[in-house]
$ cat work.cif   # mmCIF, C-alpha atoms
data_final
#
loop_
_atom_site.label_atom_id
_atom_site.label_comp_id
_atom_site.auth_asym_id
_atom_site.auth_seq_id
_atom_site.Cartn_x
_atom_site.Cartn_y
_atom_site.Cartn_z
CA MET S 1 -24.77 -12.30 5.85
CA ALA S 2 -23.48 -11.61 9.37
CA LEU S 3 -20.11 -9.95 9.63
CA GLN S 4 -17.45 -12.44 10.70
CA GLU S 5 -14.92 -11.13 13.23
CA THR S 6 -11.67 -13.01 13.80
CA GLN S 7 -8.96 -12.28 16.32
CA GLY S 8 -5.57 -11.85 14.68
CA SER S 9 -2.37 -12.76 16.46
CA SER S 10 0.36 -10.70 18.02
CA ALA S 11 3.08 -9.28 15.78
CA PHE S 12 5.16 -12.07 14.23
CA PHE S 13 8.17 -9.78 13.81
CA PHE S 14 9.22 -7.07 16.24
CA CYS S 15 11.59 -4.56 14.65
CA PRO S 16 14.97 -4.93 16.40
CA LYS S 17 15.56 -1.24 17.16
CA GLY S 18 12.03 -0.52 18.30
CA PRO S 19 8.77 0.14 16.47
CA MET S 20 8.66 1.80 13.08
CA VAL S 21 7.02 5.20 12.77
CA LEU S 22 5.03 4.11 9.72
CA GLY S 23 5.55 0.69 8.15
CA GLU S 24 4.51 0.67 4.48
CA GLY S 25 4.72 -1.13 1.15
CA PRO S 26 5.23 -4.83 1.99
CA ILE S 27 6.02 -7.10 -0.97
CA TYR S 28 6.97 -10.78 -1.00
CA ARG S 29 9.54 -12.41 -3.29
CA ALA S 30 8.97 -16.11 -3.83
CA SER S 31 12.38 -16.89 -5.36
CA ASP S 32 14.15 -16.51 -2.00
CA SER S 33 11.06 -16.23 0.28
CA THR S 34 11.82 -12.74 1.54
CA LEU S 35 9.50 -10.03 2.78
CA HIS S 36 10.41 -6.42 1.91
CA TRP S 37 8.91 -3.26 3.41
CA PHE S 38 9.70 0.33 4.46
CA ASP S 39 9.57 2.65 7.43
CA CYS S 40 8.91 5.76 5.38
CA LEU S 41 8.90 8.28 8.26
CA SER S 42 11.90 7.17 10.32
CA THR S 43 15.08 9.25 10.34
CA PRO S 44 16.60 8.15 8.06
CA PRO S 45 13.89 6.24 6.17
CA GLN S 46 14.60 2.51 6.11
CA LEU S 47 14.15 -0.56 3.92
CA TYR S 48 13.66 -3.91 5.69
CA ILE S 49 14.34 -7.31 4.07
CA LEU S 50 13.39 -10.39 6.11
CA PRO S 51 13.76 -14.08 5.14
CA VAL S 52 10.57 -15.96 6.03
CA ASN S 53 9.57 -19.61 5.91
CA GLN S 54 7.56 -20.14 2.74
CA ILE S 55 5.08 -22.46 4.48
CA THR S 56 4.67 -21.08 8.00
CA GLY S 57 5.52 -17.47 7.17
CA VAL S 58 7.71 -16.95 10.25
CA PRO S 59 11.21 -15.43 10.16
CA CYS S 60 13.98 -17.86 9.24
CA GLY S 61 17.01 -15.61 9.06
CA PRO S 62 18.34 -12.22 10.17
CA VAL S 63 16.65 -9.05 8.96
CA ARG S 64 18.55 -6.52 6.87
CA VAL S 65 17.80 -2.85 7.62
CA ILE S 66 19.07 -0.45 4.97
CA PRO S 67 19.02 3.35 5.44
CA LEU S 68 17.67 5.41 2.55
CA ALA S 69 18.42 8.96 1.44
CA ASP S 70 14.75 9.90 1.04
CA SER S 71 11.35 8.59 2.06
CA VAL S 72 10.15 5.62 0.01
CA THR S 73 6.56 4.50 0.59
CA VAL S 74 5.97 1.74 -1.96
CA ALA S 75 8.11 -0.40 -4.25
CA PHE S 76 7.77 -3.29 -6.68
CA PHE S 77 10.28 -5.67 -8.18
CA ARG S 78 11.52 -5.07 -11.72
CA LYS S 79 11.33 -7.90 -14.24
CA GLU S 80 14.73 -9.25 -15.29
CA ARG S 81 16.43 -6.81 -12.89
CA PRO S 82 17.45 -8.85 -9.83
CA GLY S 83 17.87 -6.76 -6.70
CA LYS S 84 16.14 -3.73 -8.22
CA TYR S 85 12.83 -2.07 -7.44
CA ILE S 86 10.73 0.66 -8.98
CA ALA S 87 9.43 2.87 -6.20
CA ALA S 88 7.63 6.04 -5.24
CA TYR S 89 9.90 8.34 -3.31
CA TYR S 90 8.73 11.61 -1.74
CA GLN S 91 8.68 13.54 -5.02
CA GLY S 92 8.20 11.00 -7.80
CA VAL S 93 9.42 7.80 -9.45
CA CYS S 94 12.76 6.21 -8.64
CA PHE S 95 14.72 3.01 -9.06
CA LEU S 96 16.08 1.52 -5.85
CA ASP S 97 18.91 -0.96 -5.23
CA GLU S 98 18.20 -3.47 -2.46
CA HIS S 99 21.88 -4.09 -1.76
CA THR S 100 23.04 -0.50 -1.32
CA GLY S 101 19.81 1.43 -0.77
CA GLU S 102 20.86 3.79 -3.57
CA ILE S 103 17.98 5.82 -5.02
CA GLU S 104 18.12 6.73 -8.70
CA VAL S 105 15.57 9.45 -9.48
CA VAL S 106 13.70 8.61 -12.68
CA LYS S 107 10.94 11.25 -12.73
CA GLU S 108 10.72 14.14 -10.31
CA ILE S 109 7.03 15.03 -10.40
CA ILE S 110 6.59 17.15 -7.28
CA PRO S 111 9.12 20.01 -7.24
CA THR S 112 11.16 20.55 -4.10
CA SER S 113 9.36 23.85 -3.56
CA GLU S 114 6.10 21.90 -3.04
CA ARG S 115 7.35 19.31 -0.52
CA ASP S 116 5.29 21.04 2.17
CA GLU S 117 2.15 20.63 0.08
CA LEU S 118 2.36 17.25 -1.67
CA ARG S 119 4.10 13.90 -1.31
CA PHE S 120 3.78 10.46 -2.87
CA ASN S 121 2.23 7.59 -0.96
CA ASP S 122 0.92 4.25 -2.22
CA GLY S 123 1.01 2.68 -5.67
CA GLY S 124 0.52 -0.45 -7.73
CA VAL S 125 1.71 -2.28 -10.83
CA ASP S 126 -0.92 -3.51 -13.27
CA ALA S 127 -0.86 -6.72 -15.31
CA ARG S 128 0.95 -4.98 -18.17
CA GLY S 129 3.78 -3.93 -15.86
CA ARG S 130 2.84 -0.22 -15.60
CA PHE S 131 3.55 1.59 -12.32
CA TRP S 132 0.75 3.66 -10.74
CA LEU S 133 1.53 6.08 -7.92
CA ALA S 134 -0.72 8.33 -5.87
CA GLU S 135 -0.15 11.58 -3.99
CA ILE S 136 -1.15 13.03 -0.63
CA ASP S 137 -2.38 16.61 -0.29
CA LYS S 138 -0.59 17.25 3.01
CA ARG S 139 -2.53 20.39 3.92
CA ALA S 140 -5.89 18.75 3.28
CA MET S 141 -4.79 15.67 5.21
CA ALA S 142 -3.96 17.81 8.26
CA TYR S 143 -7.68 18.45 8.85
CA GLY S 144 -8.16 14.77 9.69
CA PRO S 145 -10.33 11.97 8.32
CA ASN S 146 -13.54 13.19 6.68
CA ARG S 147 -13.10 16.69 8.13
CA LEU S 148 -12.01 18.74 5.14
CA PRO S 149 -14.09 21.96 5.11
CA GLU S 150 -15.84 22.98 1.91
CA THR S 151 -13.94 26.25 2.05
CA TYR S 152 -10.72 24.34 1.34
CA GLY S 153 -11.80 23.68 -2.21
CA ARG S 154 -10.74 20.71 -4.28
CA PRO S 155 -7.90 18.61 -2.81
CA LYS S 156 -4.72 18.71 -4.89
CA GLY S 157 -3.62 15.04 -4.73
CA ARG S 158 -3.21 13.30 -8.10
CA LEU S 159 -2.78 9.80 -9.54
CA TRP S 160 -0.05 9.07 -12.09
CA ARG S 161 0.96 6.15 -14.30
CA TYR S 162 4.57 5.54 -15.29
CA ASP S 163 4.97 3.13 -18.21
CA PRO S 164 7.88 0.79 -19.03
CA ASP S 165 8.72 2.94 -22.05
CA GLY S 166 9.47 5.87 -19.73
CA SER S 167 6.31 7.85 -20.46
CA LEU S 168 4.41 9.52 -17.62
CA HIS S 169 0.62 9.91 -17.64
CA LEU S 170 -1.59 12.01 -15.35
CA MET S 171 -4.59 9.75 -14.69
CA ILE S 172 -6.52 11.75 -12.05
CA ASP S 173 -5.86 15.48 -11.95
CA GLY S 174 -6.67 16.43 -8.36
CA GLY S 175 -9.48 15.65 -5.96
CA ILE S 176 -7.43 13.22 -3.83
CA VAL S 177 -6.58 13.82 -0.17
CA CYS S 178 -4.58 10.65 0.58
CA GLY S 179 -4.16 8.25 -2.36
CA ASN S 180 -3.84 4.66 -1.20
CA GLY S 181 -4.46 0.98 -1.83
CA LEU S 182 -4.27 0.49 -5.60
CA ALA S 183 -5.38 -3.00 -6.68
CA TRP S 184 -7.08 -4.77 -9.56
CA SER S 185 -9.77 -7.44 -9.87
CA PRO S 186 -8.61 -10.92 -10.95
CA ASP S 187 -10.07 -10.38 -14.44
CA ASP S 188 -8.31 -6.99 -14.74
CA LYS S 189 -11.57 -5.24 -15.59
CA THR S 190 -11.80 -3.19 -12.39
CA MET S 191 -9.26 -0.99 -10.62
CA TYR S 192 -9.71 -0.18 -6.93
CA PHE S 193 -8.33 2.97 -5.36
CA ASN S 194 -8.61 4.25 -1.79
CA ASP S 195 -8.67 7.79 -0.48
CA SER S 196 -7.84 7.08 3.15
CA VAL S 197 -8.59 10.49 4.64
CA ALA S 198 -11.80 10.82 2.62
CA MET S 199 -12.64 7.34 4.05
CA VAL S 200 -13.82 5.80 0.76
CA VAL S 201 -12.83 3.01 -1.63
CA TYR S 202 -13.47 3.78 -5.29
CA ALA S 203 -13.91 1.33 -8.18
CA TYR S 204 -13.12 2.20 -11.79
CA ASP S 205 -13.64 0.39 -15.05
CA PHE S 206 -10.16 -0.55 -16.24
CA ASP S 207 -8.94 -1.15 -19.80
CA LEU S 208 -5.93 -3.43 -19.51
CA GLU S 209 -4.67 -2.82 -23.04
CA THR S 210 -4.68 0.98 -22.91
CA GLY S 211 -4.29 1.45 -19.16
CA SER S 212 -7.24 3.84 -19.06
CA ILE S 213 -9.79 4.20 -16.24
CA SER S 214 -13.39 5.40 -16.31
CA ASN S 215 -16.75 5.27 -14.54
CA ARG S 216 -15.67 6.04 -10.99
CA ARG S 217 -18.07 4.90 -8.26
CA VAL S 218 -17.89 4.55 -4.49
CA LEU S 219 -17.53 0.88 -3.55
CA VAL S 220 -16.95 1.17 0.21
CA ASP S 221 -18.00 4.22 2.22
CA ARG S 222 -16.60 4.52 5.76
CA ARG S 223 -17.52 8.21 6.25
CA THR S 224 -20.28 7.46 8.76
CA SER S 225 -18.34 4.65 10.45
CA PHE S 226 -14.68 4.45 11.49
CA GLY S 227 -11.29 3.63 10.05
CA GLU S 228 -9.37 4.87 7.01
CA PRO S 229 -9.01 2.38 4.09
CA ASP S 230 -5.27 2.06 3.53
CA GLY S 231 -3.19 -0.49 1.58
CA MET S 232 -4.96 -3.52 0.12
CA VAL S 233 -4.74 -6.68 -1.94
CA VAL S 234 -7.34 -8.79 -3.74
CA ASP S 235 -7.80 -12.56 -3.40
CA THR S 236 -8.48 -14.99 -6.24
CA GLN S 237 -12.24 -14.65 -5.65
CA GLY S 238 -12.04 -10.89 -6.08
CA ASN S 239 -12.49 -9.96 -2.42
CA LEU S 240 -10.60 -6.91 -1.13
CA TRP S 241 -8.37 -7.31 1.95
CA ILE S 242 -7.87 -3.78 3.23
CA ALA S 243 -5.62 -2.64 6.07
CA VAL S 244 -7.81 -0.03 7.74
CA PHE S 245 -5.86 2.66 9.56
CA ALA S 246 -7.11 3.74 13.01
CA SER S 247 -9.27 0.61 13.36
CA ASN S 248 -7.03 -2.29 14.59
CA ARG S 249 -8.34 -4.20 11.58
CA VAL S 250 -7.89 -5.75 8.20
CA MET S 251 -11.36 -5.62 6.66
CA VAL S 252 -12.55 -7.89 3.86
CA PHE S 253 -15.10 -6.73 1.27
CA SER S 254 -16.70 -8.55 -1.64
CA PRO S 255 -16.41 -7.19 -5.20
CA ASP S 256 -19.81 -5.50 -4.73
CA GLY S 257 -18.69 -3.78 -1.53
CA THR S 258 -20.35 -6.09 0.99
CA HIS S 259 -18.47 -6.13 4.30
CA LEU S 260 -17.61 -9.79 4.90
CA GLN S 261 -15.00 -10.09 7.63
CA ASP S 262 -12.79 -8.24 10.11
CA ILE S 263 -9.47 -9.54 11.40
CA VAL S 264 -8.65 -7.65 14.60
CA PHE S 265 -5.01 -7.06 15.61
CA PRO S 266 -3.34 -5.56 18.69
CA ALA S 267 -2.27 -2.45 16.75
CA LYS S 268 -4.49 0.52 16.04
CA ASN S 269 -2.80 1.63 12.84
CA MET S 270 -2.71 -1.17 10.28
CA THR S 271 -1.27 0.21 7.06
CA CYS S 272 -0.73 -2.17 4.15
CA THR S 273 -1.17 -5.81 3.08
CA THR S 274 0.54 -8.25 0.74
CA TRP S 275 0.17 -11.94 -0.08
CA GLY S 276 3.10 -14.21 0.69
CA GLY S 277 4.15 -17.81 1.10
CA ALA S 278 4.66 -20.59 -1.41
CA ASN S 279 0.93 -20.70 -2.14
CA HIS S 280 0.26 -16.98 -1.60
CA ASP S 281 -2.03 -17.94 1.27
CA ILE S 282 -0.49 -15.72 3.96
CA ILE S 283 -1.45 -12.08 4.45
CA TYR S 284 1.41 -9.94 5.71
CA VAL S 285 0.43 -6.60 7.25
CA ALA S 286 2.58 -3.58 8.04
CA SER S 287 1.62 -1.16 10.79
CA GLY S 288 2.53 2.18 12.31
CA LEU S 289 2.82 3.72 15.75
CA ASP S 290 -0.22 5.21 17.41
CA ARG S 291 1.05 8.80 17.62
CA SER S 292 -2.14 10.19 19.13
CA GLY S 293 -0.48 10.55 22.52
CA HIS S 294 -2.87 8.03 24.07
CA PRO S 295 -2.01 4.57 22.69
CA ALA S 296 -3.90 1.62 24.11
CA PRO S 297 -1.94 -0.56 26.56
CA GLY S 298 -0.18 -3.31 24.63
CA ASP S 299 -0.54 -1.63 21.24
CA GLU S 300 2.03 -3.30 18.95
CA GLY S 301 1.90 -0.71 16.18
CA GLY S 302 5.15 -0.25 14.26
CA HIS S 303 5.80 -3.98 13.93
CA MET S 304 4.81 -6.62 11.35
CA PHE S 305 1.81 -8.96 11.44
CA MET S 306 0.58 -11.94 9.46
CA TYR S 307 -2.64 -13.88 9.10
CA LYS S 308 -3.37 -17.16 7.32
CA PRO S 309 -6.96 -17.21 6.01
CA THR S 310 -9.06 -20.35 6.24
CA ASN S 311 -11.07 -22.16 3.53
CA ASN S 312 -8.18 -22.18 1.03
CA VAL S 313 -8.38 -18.42 0.49
CA ARG S 314 -5.32 -17.16 -1.33
CA GLY S 315 -4.12 -14.35 -3.50
CA ALA S 316 -1.48 -13.82 -6.17
CA PRO S 317 1.95 -12.21 -6.28
CA LYS S 318 2.07 -8.50 -6.95
CA HIS S 319 2.98 -7.71 -10.55
CA GLU S 320 6.49 -6.62 -11.45
CA PHE S 321 7.40 -3.48 -13.35
CA ALA S 322 8.15 -4.35 -16.98
CA GLY S 323 10.99 -1.90 -17.43
#
$ encode --input "work.cif" --output "structure tokens"
Amino acid sequence: MALQETQGSSAFFFCPKGPMVLGEGPIYRASDSTLHWFDCLSTPPQLYILPVNQITGVPCGPVRVIPLADSVTVAFFRKERPGKYIAAYYQGVCFLDEHTGEIEVVKEIIPTSERDELRFNDGGVDARGRFWLAEIDKRAMAYGPNRLPETYGRPKGRLWRYDPDGSLHLMIDGGIVCGNGLAWSPDDKTMYFNDSVAMVVYAYDFDLETGSISNRRVLVDRRTSFGEPDGMVVDTQGNLWIAVFASNRVMVFSPDGTHLQDIVFPAKNMTCTTWGGANHDIIYVASGLDRSGHPAPGDEGGHMFMYKPTNNVRGAPKHEFAG
């Protein structure tokens, strides 16, 4: 099958005070048709909340921009807790209030003494309402994509699971450079997990009842190509819609890893996707600045994009944390 390439549109929302450093973690709330996301590297870090039309996806009200006391990279709504998120902040798990921006630390996992070495990045909530969150090995990441020397040894990034009962579980003990893009297949039998700087997408067998993972295999390998697989979502057919950093693209892959489609945007650094709209048939995509020192003319990185797939392709809302 020939790879289909589609031209995506210009940013649908330009941040009012200029581009974000690194837009991350978009989630859509159907009850009031709002899009929520973060600039995790601004000073201070910021939470954005934007009302959008549930059919067209375009803004339909003023954006709220809320300063935060620490970097938050990903968040999910909490069941039966209006206005509250569970989130990954720089050092662990927190609860976050959308009205005040107040961060309540729930589990500090990375000690302050290791902030120069590790930080949290992306995450996901599974169908049982458990929160998964992945780390970055900052020193390994500094070598650049697919450039970590063998002399470095094993990367130190880990994957954790925080359950609604308050228990914390170490799911992958090291080996991760930049944990990203957690998602699950529609039948909940497969978990997908990206290591952006290693330039691979992994698939795991997933046991929904126990929350265990096994049988890791490489599903998508970009090490001899270009682009870093970043945040992603899955559609109802099981295809992966991956924001690929340093590529100008959202790439679509089948459940067996076949590269199906590229949507090309006027921003080099696409970072994370979410489904939105009344029918969950709109892909919203966050992006970041091109900080290479040589951005392409017209690069719109640091603003928000959307794309409406054809052929009735749609996804599902992201799960909510059950605690």
$ atom_distance --input "work.cif" --atom1 "atom CA of Val197 of chain S" --atom2 "atom CA of Phe305 of chain S"
23.1 Å
$ closest_residue --input "work.cif" --among "S:Asp32, S:Asp70, S:Glu98, S:Asp126" --to "Pro186 of chain S" --atoms "all atoms listed in the file"
S:Asp126
$ resolve_selection --input "work.cif" --expression "the PyMOL selection byres ((chain S and resi 20-24) around 10)" --output "JSON list (two decimals) with C-alpha atoms, keeping the file's coordinate frame"
[["chain", "number", "residue", "atom", "x", "y", "z"],
["S", 14, "PHE", "CA", 9.22, -7.07, 16.24],
["S", 15, "CYS", "CA", 11.59, -4.56, 14.65],
["S", 16, "PRO", "CA", 14.97, -4.93, 16.40],
["S", 17, "LYS", "CA", 15.56, -1.24, 17.16],
["S", 18, "GLY", "CA", 12.03, -0.52, 18.30],
["S", 19, "PRO", "CA", 8.77, 0.14, 16.47],
["S", 25, "GLY", "CA", 4.72, -1.13, 1.15],
["S", 26, "PRO", "CA", 5.23, -4.83, 1.99],
["S", 27, "ILE", "CA", 6.02, -7.10, -0.97],
["S", 36, "HIS", "CA", 10.41, -6.42, 1.91],
["S", 37, "TRP", "CA", 8.91, -3.26, 3.41],
["S", 38, "PHE", "CA", 9.70, 0.33, 4.46],
["S", 39, "ASP", "CA", 9.57, 2.65, 7.43],
["S", 40, "CYS", "CA", 8.91, 5.76, 5.38],
["S", 41, "LEU", "CA", 8.90, 8.28, 8.26],
["S", 42, "SER", "CA", 11.90, 7.17, 10.32],
["S", 43, "THR", "CA", 15.08, 9.25, 10.34],
["S", 45, "PRO", "CA", 13.89, 6.24, 6.17],
["S", 46, "GLN", "CA", 14.60, 2.51, 6.11],
["S", 47, "LEU", "CA", 14.15, -0.56, 3.92],
["S", 48, "TYR", "CA", 13.66, -3.91, 5.69],
["S", 72, "VAL", "CA", 10.15, 5.62, 0.01],
["S", 73, "THR", "CA", 6.56, 4.50, 0.59],
["S", 74, "VAL", "CA", 5.97, 1.74, -1.96],
["S", 75, "ALA", "CA", 8.11, -0.40, -4.25],
["S", 121, "ASN", "CA", 2.23, 7.59, -0.96],
["S", 122, "ASP", "CA", 0.92, 4.25, -2.22],
["S", 230, "ASP", "CA", -5.27, 2.06, 3.53],
["S", 231, "GLY", "CA", -3.19, -0.49, 1.58],
["S", 269, "ASN", "CA", -2.80, 1.63, 12.84],
["S", 270, "MET", "CA", -2.71, -1.17, 10.28],
["S", 271, "THR", "CA", -1.27, 0.21, 7.06],
["S", 272, "CYS", "CA", -0.73, -2.17, 4.15],
["S", 273, "THR", "CA", -1.17, -5.81, 3.08],
["S", 285, "VAL", "CA", 0.43, -6.60, 7.25],
["S", 286, "ALA", "CA", 2.58, -3.58, 8.04],
["S", 287, "SER", "CA", 1.62, -1.16, 10.79],
["S", 288, "GLY", "CA", 2.53, 2.18, 12.31],
["S", 289, "LEU", "CA", 2.82, 3.72, 15.75],
["S", 290, "ASP", "CA", -0.22, 5.21, 17.41],
["S", 291, "ARG", "CA", 1.05, 8.80, 17.62],
["S", 301, "GLY", "CA", 1.90, -0.71, 16.18],
["S", 302, "GLY", "CA", 5.15, -0.25, 14.26],
["S", 303, "HIS", "CA", 5.80, -3.98, 13.93],
["S", 304, "MET", "CA", 4.81, -6.62, 11.35]]
$ atom_distance --input "work.cif" --atom1 "atom CA of Arg119 of chain S" --atom2 "atom CA of Leu182 of chain S"
16.4 Å
$ atom_distance --input "work.cif" --atom1 "atom CA of Asn146 of chain S" --atom2 "atom CA of Asp195 of chain S"
10.2 Å
$ resolve_selection --input "work.cif" --expression "the PyMOL selection byres ((chain S and resi 223) around 8)" --output "list in words"
Asn146, Ala198, Met199, Val200, Asp221, Arg222, Thr224, Ser225 and Phe226 of chain S
$ residues_around --input "work.cif" --residues "Asp116 of chain S" --least-positions-apart "6" --cutoff "10 Å" --atoms "all atoms listed in the file" --output "ChimeraX atom specification"
/S:137-139
$ resolve_selection --input "work.cif" --expression "the PyMOL selection byres ((chain S and resi 63-65) around 7)" --output "ChimeraX atom specification"
/S:46-51,61-62,66-67
$ closest_residue --input "work.cif" --among "S:Cys60, S:Leu159, S:Val218, S:Val234" --to "Ser185 of chain S" --atoms "all atoms listed in the file"
S:Val234
$ closest_residue --input "work.cif" --among "S:Val93, S:Leu208, S:Met171, S:Val52" --to "Ser71 of chain S" --atoms "all atoms listed in the file"
S:Val93
$ residues_around --input "work.cif" --residues "Ser31 of chain S" --least-positions-apart "2" --cutoff "10 Å" --atoms "only C-alpha atoms" --output "PyMOL selection string"
chain S and resi 28-29+33-34+54+278
$ closest_residue --input "work.cif" --among "S:Glu209, S:Thr6, S:Trp184, S:Gly277" --to "Asn239 of chain S" --atoms "all atoms listed in the file"
S:Trp184
$ residues_around --input "work.cif" --residues "Arg130 of chain S" --least-positions-apart "4" --cutoff "9 Å" --atoms "all atoms listed in the file" --output "MDAnalysis selection string"
chainID S and resid 124:126 161:164 211 320:323
$ write_last_selection --input "work.cif" --atoms "C-alpha atoms" --output "CSV table (one decimal), keeping the file's coordinate frame"
chain,number,residue,atom,x,y,z
S,124,GLY,CA,0.5,-0.4,-7.7
S,125,VAL,CA,1.7,-2.3,-10.8
S,126,ASP,CA,-0.9,-3.5,-13.3
S,161,ARG,CA,1.0,6.2,-14.3
S,162,TYR,CA,4.6,5.5,-15.3
S,163,ASP,CA,5.0,3.1,-18.2
S,164,PRO,CA,7.9,0.8,-19.0
S,211,GLY,CA,-4.3,1.4,-19.2
S,320,GLU,CA,6.5,-6.6,-11.4
S,321,PHE,CA,7.4,-3.5,-13.4
S,322,ALA,CA,8.2,-4.4,-17.0
S,323,GLY,CA,11.0,-1.9,-17.4
$ closest_residue --input "work.cif" --among "S:Val106, S:Ile136, S:Met191, S:Thr310" --to "Gly166 of chain S" --atoms "only C-alpha atoms"
S:Val106
$ closest_residue --input "work.cif" --among "S:Phe206, S:Trp275, S:Phe265, S:Tyr284" --to "Thr236 of chain S" --atoms "all atoms listed in the file"
S:Trp275
$ residues_near_point --input "work.cif" --point "(-5.2, 4.4, -5.5)" --cutoff "10 Å" --atoms "only C-alpha atoms" --output "VMD selection string"
chain S and resid 121 to 124 132 to 135 158 to 160 172 176 178 to 183 191 to 196 201 to 203 230 to 232
$ residues_around --input "work.cif" --residues "Ile283 of chain S" --least-positions-apart "3" --cutoff "6 Å" --atoms "only C-alpha atoms" --output "number ranges by chain"
S: 274-275, 306-307
$ write_last_selection --input "work.cif" --atoms "C-alpha atoms" --output "PDB file, in the frame of the given file"
ATOM      1  CA  THR S 274       0.540  -8.250   0.740  1.00  0.00           C
ATOM      2  CA  TRP S 275       0.170 -11.940  -0.080  1.00  0.00           C
ATOM      3  CA  MET S 306       0.580 -11.940   9.460  1.00  0.00           C
ATOM      4  CA  TYR S 307      -2.640 -13.880   9.100  1.00  0.00           C
TER       5      TYR S 307
END
$ residues_near_point --input "work.cif" --point "(-10.6, -9.2, 14.3)" --cutoff "12 Å" --atoms "all atoms listed in the file" --output "list in words"
Leu3, Gln4, Glu5, Thr6, Gln7, Gly8, Ser9, Ser10, Ala243, Val244, Ser247, Asn248, Arg249, Val250, Met251, Val252, Leu260, Gln261, Asp262, Ile263, Val264, Phe265, Pro266, Ala267, Lys268, Met270 and Tyr307 of chain S
$ decode --input "work.cif" --residues "segment 267-295 of chain S" --atoms "C-alpha atoms" --output "mmCIF file, in the first residue's frame"
data_model
loop_
_atom_site.group_PDB
_atom_site.id
_atom_site.type_symbol
_atom_site.label_atom_id
_atom_site.label_comp_id
_atom_site.auth_asym_id
_atom_site.auth_seq_id
_atom_site.Cartn_x
_atom_site.Cartn_y
_atom_site.Cartn_z
ATOM 1 C CA ALA S 267 5.518 23.185 12.411
ATOM 2 C CA LYS S 268 8.610 21.029 12.759
ATOM 3 C CA ASN S 269 7.991 19.887 16.315
ATOM 4 C CA MET S 270 4.604 18.202 16.651
ATOM 5 C CA THR S 271 4.303 16.854 20.187
ATOM 6 C CA CYS S 272 1.029 15.221 21.222
ATOM 7 C CA THR S 273 -2.426 14.263 19.926
ATOM 8 C CA THR S 274 -5.915 13.854 21.352
ATOM 9 C CA TRP S 275 -9.366 13.125 19.928
ATOM 10 C CA GLY S 276 -12.025 15.788 20.324
ATOM 11 C CA GLY S 277 -15.411 16.931 19.104
ATOM 12 C CA ALA S 278 -18.889 15.571 19.705
ATOM 13 C CA ASN S 279 -18.087 12.452 17.678
ATOM 14 C CA HIS S 280 -14.391 12.263 18.613
ATOM 15 C CA ASP S 281 -13.564 12.746 14.944
ATOM 16 C CA ILE S 282 -11.154 15.681 15.313
ATOM 17 C CA ILE S 283 -7.454 15.243 16.050
ATOM 18 C CA TYR S 284 -6.003 18.077 18.108
ATOM 19 C CA VAL S 285 -2.218 18.390 18.065
ATOM 20 C CA ALA S 286 0.075 20.359 20.348
ATOM 21 C CA SER S 287 3.457 21.585 19.151
ATOM 22 C CA GLY S 288 6.659 23.209 20.339
ATOM 23 C CA LEU S 289 9.108 25.820 19.132
ATOM 24 C CA ASP S 290 11.928 24.846 16.823
ATOM 25 C CA ARG S 291 14.793 25.768 19.161
ATOM 26 C CA SER S 292 17.526 24.578 16.806
ATOM 27 C CA GLY S 293 18.479 28.157 15.978
ATOM 28 C CA HIS S 294 17.506 27.678 12.331
ATOM 29 C CA PRO S 295 13.694 27.397 12.153
#
